[in-house]
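**Student:** Dropping in coords-v7.cif, which is mmCIF, C-alpha atoms:
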```cif
data_entry
#
loop_
_atom_site.group_PDB
_atom_site.id
_atom_site.type_symbol
_atom_site.label_atom_id
_atom_site.label_comp_id
_atom_site.auth_asym_id
_atom_site.auth_seq_id
_atom_site.Cartn_x
_atom_site.Cartn_y
_atom_site.Cartn_z
ATOM 1 C CA GLN A 1 53.374 36.759 -20.504
ATOM 2 C CA VAL A 2 50.135 34.857 -20.257
ATOM 3 C CA GLN A 3 47.550 35.735 -22.868
ATOM 4 C CA LEU A 4 44.047 34.503 -23.464
ATOM 5 C CA VAL A 5 42.629 35.812 -26.719
ATOM 6 C CA GLU A 6 38.984 35.245 -27.557
ATOM 7 C CA SER A 7 37.511 35.312 -31.028
ATOM 8 C CA GLY A 8 34.420 34.170 -32.888
ATOM 9 C CA GLY A 9 31.829 36.528 -31.491
ATOM 10 C CA GLY A 10 29.420 38.439 -33.654
ATOM 11 C CA LEU A 11 25.820 39.082 -34.555
ATOM 12 C CA VAL A 12 23.618 36.046 -35.070
ATOM 13 C CA GLN A 13 19.895 35.483 -35.355
ATOM 14 C CA ALA A 14 17.997 33.615 -32.693
ATOM 15 C CA GLY A 15 18.259 29.907 -33.305
ATOM 16 C CA GLY A 16 21.672 30.234 -34.884
ATOM 17 C CA SER A 17 25.066 28.972 -33.774
ATOM 18 C CA LEU A 18 28.491 30.340 -32.957
ATOM 19 C CA ILE A 19 31.844 28.866 -32.087
ATOM 20 C CA LEU A 20 33.954 30.949 -29.738
ATOM 21 C CA SER A 21 37.675 30.315 -29.533
ATOM 22 C CA CYS A 22 40.185 31.079 -26.804
ATOM 23 C CA ALA A 23 43.835 30.916 -27.790
ATOM 24 C CA ALA A 24 46.069 30.502 -24.751
ATOM 25 C CA SER A 25 49.758 31.341 -24.662
ATOM 26 C CA GLY A 26 52.573 32.289 -22.332
ATOM 27 C CA ARG A 27 52.655 29.176 -20.152
ATOM 28 C CA THR A 28 51.634 25.560 -19.976
ATOM 29 C CA PHE A 29 47.950 25.216 -19.200
ATOM 30 C CA VAL A 30 47.838 21.456 -18.797
ATOM 31 C CA ASP A 31 47.054 21.800 -15.080
ATOM 32 C CA TYR A 32 44.391 24.425 -15.581
ATOM 33 C CA VAL A 33 40.645 24.531 -15.819
ATOM 34 C CA MET A 34 39.563 26.723 -18.706
ATOM 35 C CA GLY A 35 36.287 28.517 -18.303
ATOM 36 C CA TRP A 36 33.922 30.672 -20.286
ATOM 37 C CA PHE A 37 32.029 33.458 -18.545
ATOM 38 C CA ARG A 38 29.696 36.113 -19.862
ATOM 39 C CA GLN A 39 28.442 39.506 -18.821
ATOM 40 C CA ALA A 40 25.317 41.097 -20.219
ATOM 41 C CA PRO A 41 24.684 44.848 -19.957
ATOM 42 C CA GLY A 42 23.605 45.778 -16.463
ATOM 43 C CA LYS A 43 24.184 42.281 -15.125
ATOM 44 C CA GLU A 44 26.904 40.556 -13.167
ATOM 45 C CA ARG A 45 29.370 38.292 -14.854
ATOM 46 C CA GLU A 46 28.221 34.686 -14.825
ATOM 47 C CA PHE A 47 29.766 31.296 -15.404
ATOM 48 C CA VAL A 48 28.900 29.565 -18.666
ATOM 49 C CA ALA A 49 31.032 26.440 -18.983
ATOM 50 C CA ALA A 50 34.449 25.028 -18.130
ATOM 51 C CA VAL A 51 36.735 22.197 -19.122
ATOM 52 C CA SER A 52 39.696 20.607 -17.409
ATOM 53 C CA TRP A 53 42.680 20.694 -19.694
ATOM 54 C CA ILE A 54 44.218 17.563 -18.213
ATOM 55 C CA ASP A 55 41.271 15.180 -18.394
ATOM 56 C CA GLY A 56 38.549 16.962 -20.358
ATOM 57 C CA SER A 57 35.982 17.035 -17.549
ATOM 58 C CA THR A 58 33.306 19.592 -18.284
ATOM 59 C CA TYR A 59 30.640 21.532 -16.457
ATOM 60 C CA TYR A 60 27.890 23.782 -17.812
ATOM 61 C CA GLN A 61 25.552 26.383 -16.493
ATOM 62 C CA ASP A 62 22.013 25.057 -16.550
ATOM 63 C CA SER A 63 20.785 27.614 -19.081
ATOM 64 C CA VAL A 64 23.314 26.529 -21.739
ATOM 65 C CA GLU A 65 23.611 22.825 -21.008
ATOM 66 C CA GLY A 66 22.324 20.717 -23.851
ATOM 67 C CA ARG A 67 22.892 23.399 -26.461
ATOM 68 C CA SER A 68 26.540 24.197 -25.822
ATOM 69 C CA THR A 69 29.767 22.218 -26.032
ATOM 70 C CA ILE A 70 33.087 23.211 -24.545
ATOM 71 C CA SER A 71 36.214 21.493 -25.823
ATOM 72 C CA ARG A 72 39.960 21.914 -26.000
ATOM 73 C CA ASP A 73 42.600 21.271 -28.606
ATOM 74 C CA ASN A 74 45.874 20.479 -26.895
ATOM 75 C CA ALA A 75 47.933 20.840 -30.040
ATOM 76 C CA LYS A 76 46.604 24.328 -30.707
ATOM 77 C CA ASN A 77 46.415 25.397 -27.042
ATOM 78 C CA THR A 78 42.893 26.541 -27.787
ATOM 79 C CA VAL A 79 39.579 26.134 -26.016
ATOM 80 C CA TYR A 80 36.277 26.299 -27.863
ATOM 81 C CA LEU A 81 32.708 27.007 -26.901
ATOM 82 C CA GLN A 82 30.137 25.994 -29.455
ATOM 83 C CA MET A 83 26.733 27.447 -28.775
ATOM 84 C CA ASN A 84 23.624 26.316 -30.638
ATOM 85 C CA SER A 85 20.002 27.393 -30.563
ATOM 86 C CA LEU A 86 21.096 30.835 -29.475
ATOM 87 C CA LYS A 87 18.587 33.063 -27.708
ATOM 88 C CA PRO A 88 18.476 36.834 -27.292
ATOM 89 C CA GLU A 89 19.251 36.311 -23.598
ATOM 90 C CA ASP A 90 22.609 34.839 -24.628
ATOM 91 C CA THR A 91 23.658 38.321 -25.707
ATOM 92 C CA ALA A 92 26.728 39.284 -23.688
ATOM 93 C CA VAL A 93 30.461 39.774 -23.739
ATOM 94 C CA TYR A 94 32.019 36.340 -23.428
ATOM 95 C CA TYR A 95 35.281 35.944 -21.553
ATOM 96 C CA CYS A 96 37.770 33.106 -21.430
ATOM 97 C CA ALA A 97 39.533 32.442 -18.139
ATOM 98 C CA ALA A 98 42.018 30.002 -16.621
ATOM 99 C CA ALA A 99 42.116 28.537 -13.107
ATOM 100 C CA ASP A 100 45.125 26.675 -11.719
ATOM 101 C CA GLN A 101 44.134 23.235 -10.472
ATOM 102 C CA ARG A 102 47.586 21.910 -9.675
ATOM 103 C CA GLY A 103 47.657 19.921 -6.465
ATOM 104 C CA THR A 104 43.887 19.783 -6.265
ATOM 105 C CA SER A 105 41.222 17.250 -7.031
ATOM 106 C CA TYR A 106 38.245 19.448 -7.792
ATOM 107 C CA SER A 107 35.194 17.796 -9.137
ATOM 108 C CA ALA A 108 33.628 19.381 -12.183
ATOM 109 C CA ASN A 109 30.757 20.902 -10.233
ATOM 110 C CA ALA A 110 33.342 23.089 -8.454
ATOM 111 C CA TYR A 111 34.449 24.741 -11.682
ATOM 112 C CA PRO A 112 32.126 27.760 -11.386
ATOM 113 C CA ASP A 113 33.601 28.647 -7.982
ATOM 114 C CA LEU A 114 37.313 28.298 -8.741
ATOM 115 C CA THR A 115 39.624 31.291 -8.611
ATOM 116 C CA TYR A 116 40.337 32.159 -12.204
ATOM 117 C CA ASP A 117 43.771 33.739 -12.408
ATOM 118 C CA TYR A 118 43.893 34.794 -16.033
ATOM 119 C CA TRP A 119 41.267 36.478 -18.178
ATOM 120 C CA GLY A 120 40.901 37.440 -21.790
ATOM 121 C CA GLN A 121 39.567 40.734 -23.102
ATOM 122 C CA GLY A 122 36.247 39.283 -24.183
ATOM 123 C CA THR A 123 34.296 38.887 -27.404
ATOM 124 C CA GLN A 124 30.824 40.308 -28.018
ATOM 125 C CA VAL A 125 27.983 37.973 -28.881
ATOM 126 C CA THR A 126 24.723 39.571 -29.955
ATOM 127 C CA VAL A 127 21.665 37.461 -30.677
ATOM 128 C CA SER A 128 18.858 39.209 -32.519
ATOM 129 C CA SER A 129 15.248 38.138 -32.168
#
```
Take the structure in this file and express it as structure tokens.
**Tutor:**
Amino acid sequence: QVQLVESGGGLVQAGGSLILSCAASGRTFVDYVMGWFRQAPGKEREFVAAVSWIDGSTYYQDSVEGRSTISRDNAKNTVYLQMNSLKPEDTAVYYCAAADQRGTSYSANAYPDLTYDYWGQGTQVTVSS
């Protein structure tokens, strides 16, 4: 059974930092792109960042690029999203997701539009002003 379990959310003041973790289990994810999405109250879910497990290619949404870093730890089967200089508009539930890229050659700029097959339950991030 595939599981993606997020952790690391919480309440943080504007300007602060958080590291979100996504522990993946239940299958081999080496051929997957791992993404982070978020959904704020009353808004649609949006792409935040993604990383290719096999080669580490990354892609970021414009609003987080430069203040966020996505990474993966192969030994721990875990993906991380470090977010710095947090803003109140970063407040949302953050979800981890996995997209199968076997047999494909997607470039990183395609990561937001991939079909993500597996999703976690989400972790709340609240940034106070």
**Student:** At what distance in Å, to one decimal, does atom CA of Asn84 of chain A lie from atom CA of Ser17 of chain A?
**Tutor:**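 A separation of 4.4 Å between them.
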**Student:** If we count all atoms listed in the file, what is near segment 87-101 of chain A at a cut-off of 8 Å, once residues fewer than 4 positions away on the same chain are taken out, given as a PyMOL selection string?
**Tutor:** chain A and resi 4-6+14-15+22+31-41+105-106+114-129
**Student:** Please compute the atom CA of Met83 of chain A-atom CA of Gln13 of chain A distance, one decimal, in Å.
**Tutor:**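 The value is 12.4 Å.
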**Student:** Which neighbours of Gly26 of chain A fall inside 10 Å, counting all atoms listed in the file, when residues of the same chain fewer than 5 positions from it are skipped, and could you give them as an MDAnalysis selection string?
**Tutor:** chainID A and resid 1:4
**Student:** Hey, what comes out of the PyMOL selection byres ((chain A and resi 80) around 12) on this file? Could you write it as a PyMOL selection string?
**Tutor:** chain A and resi 5-9+18-24+34-36+49-51+53+68-74+76-79+81-83+94-97
**Student:** Please, what distance in Å, to one decimal, runs between atom CA of Leu86 of chain A and atom CA of Leu11 of chain A?
**Tutor:** 10.8 Å
**Student:** Return the single residue from A:Asn109, A:Arg102, A:Gly42, A:Ser25 that is closest to Asp62 of chain A, with distances computed using all atoms listed in the file.
**Tutor:** A:Asn109
**Student:** Could you tell me, as number ranges by chain, exactly which residues end up selected when the PyMOL selection byres ((chain A and resi 47) around 6) is applied to this structure?
**Tutor:** A: 37, 46, 48, 112
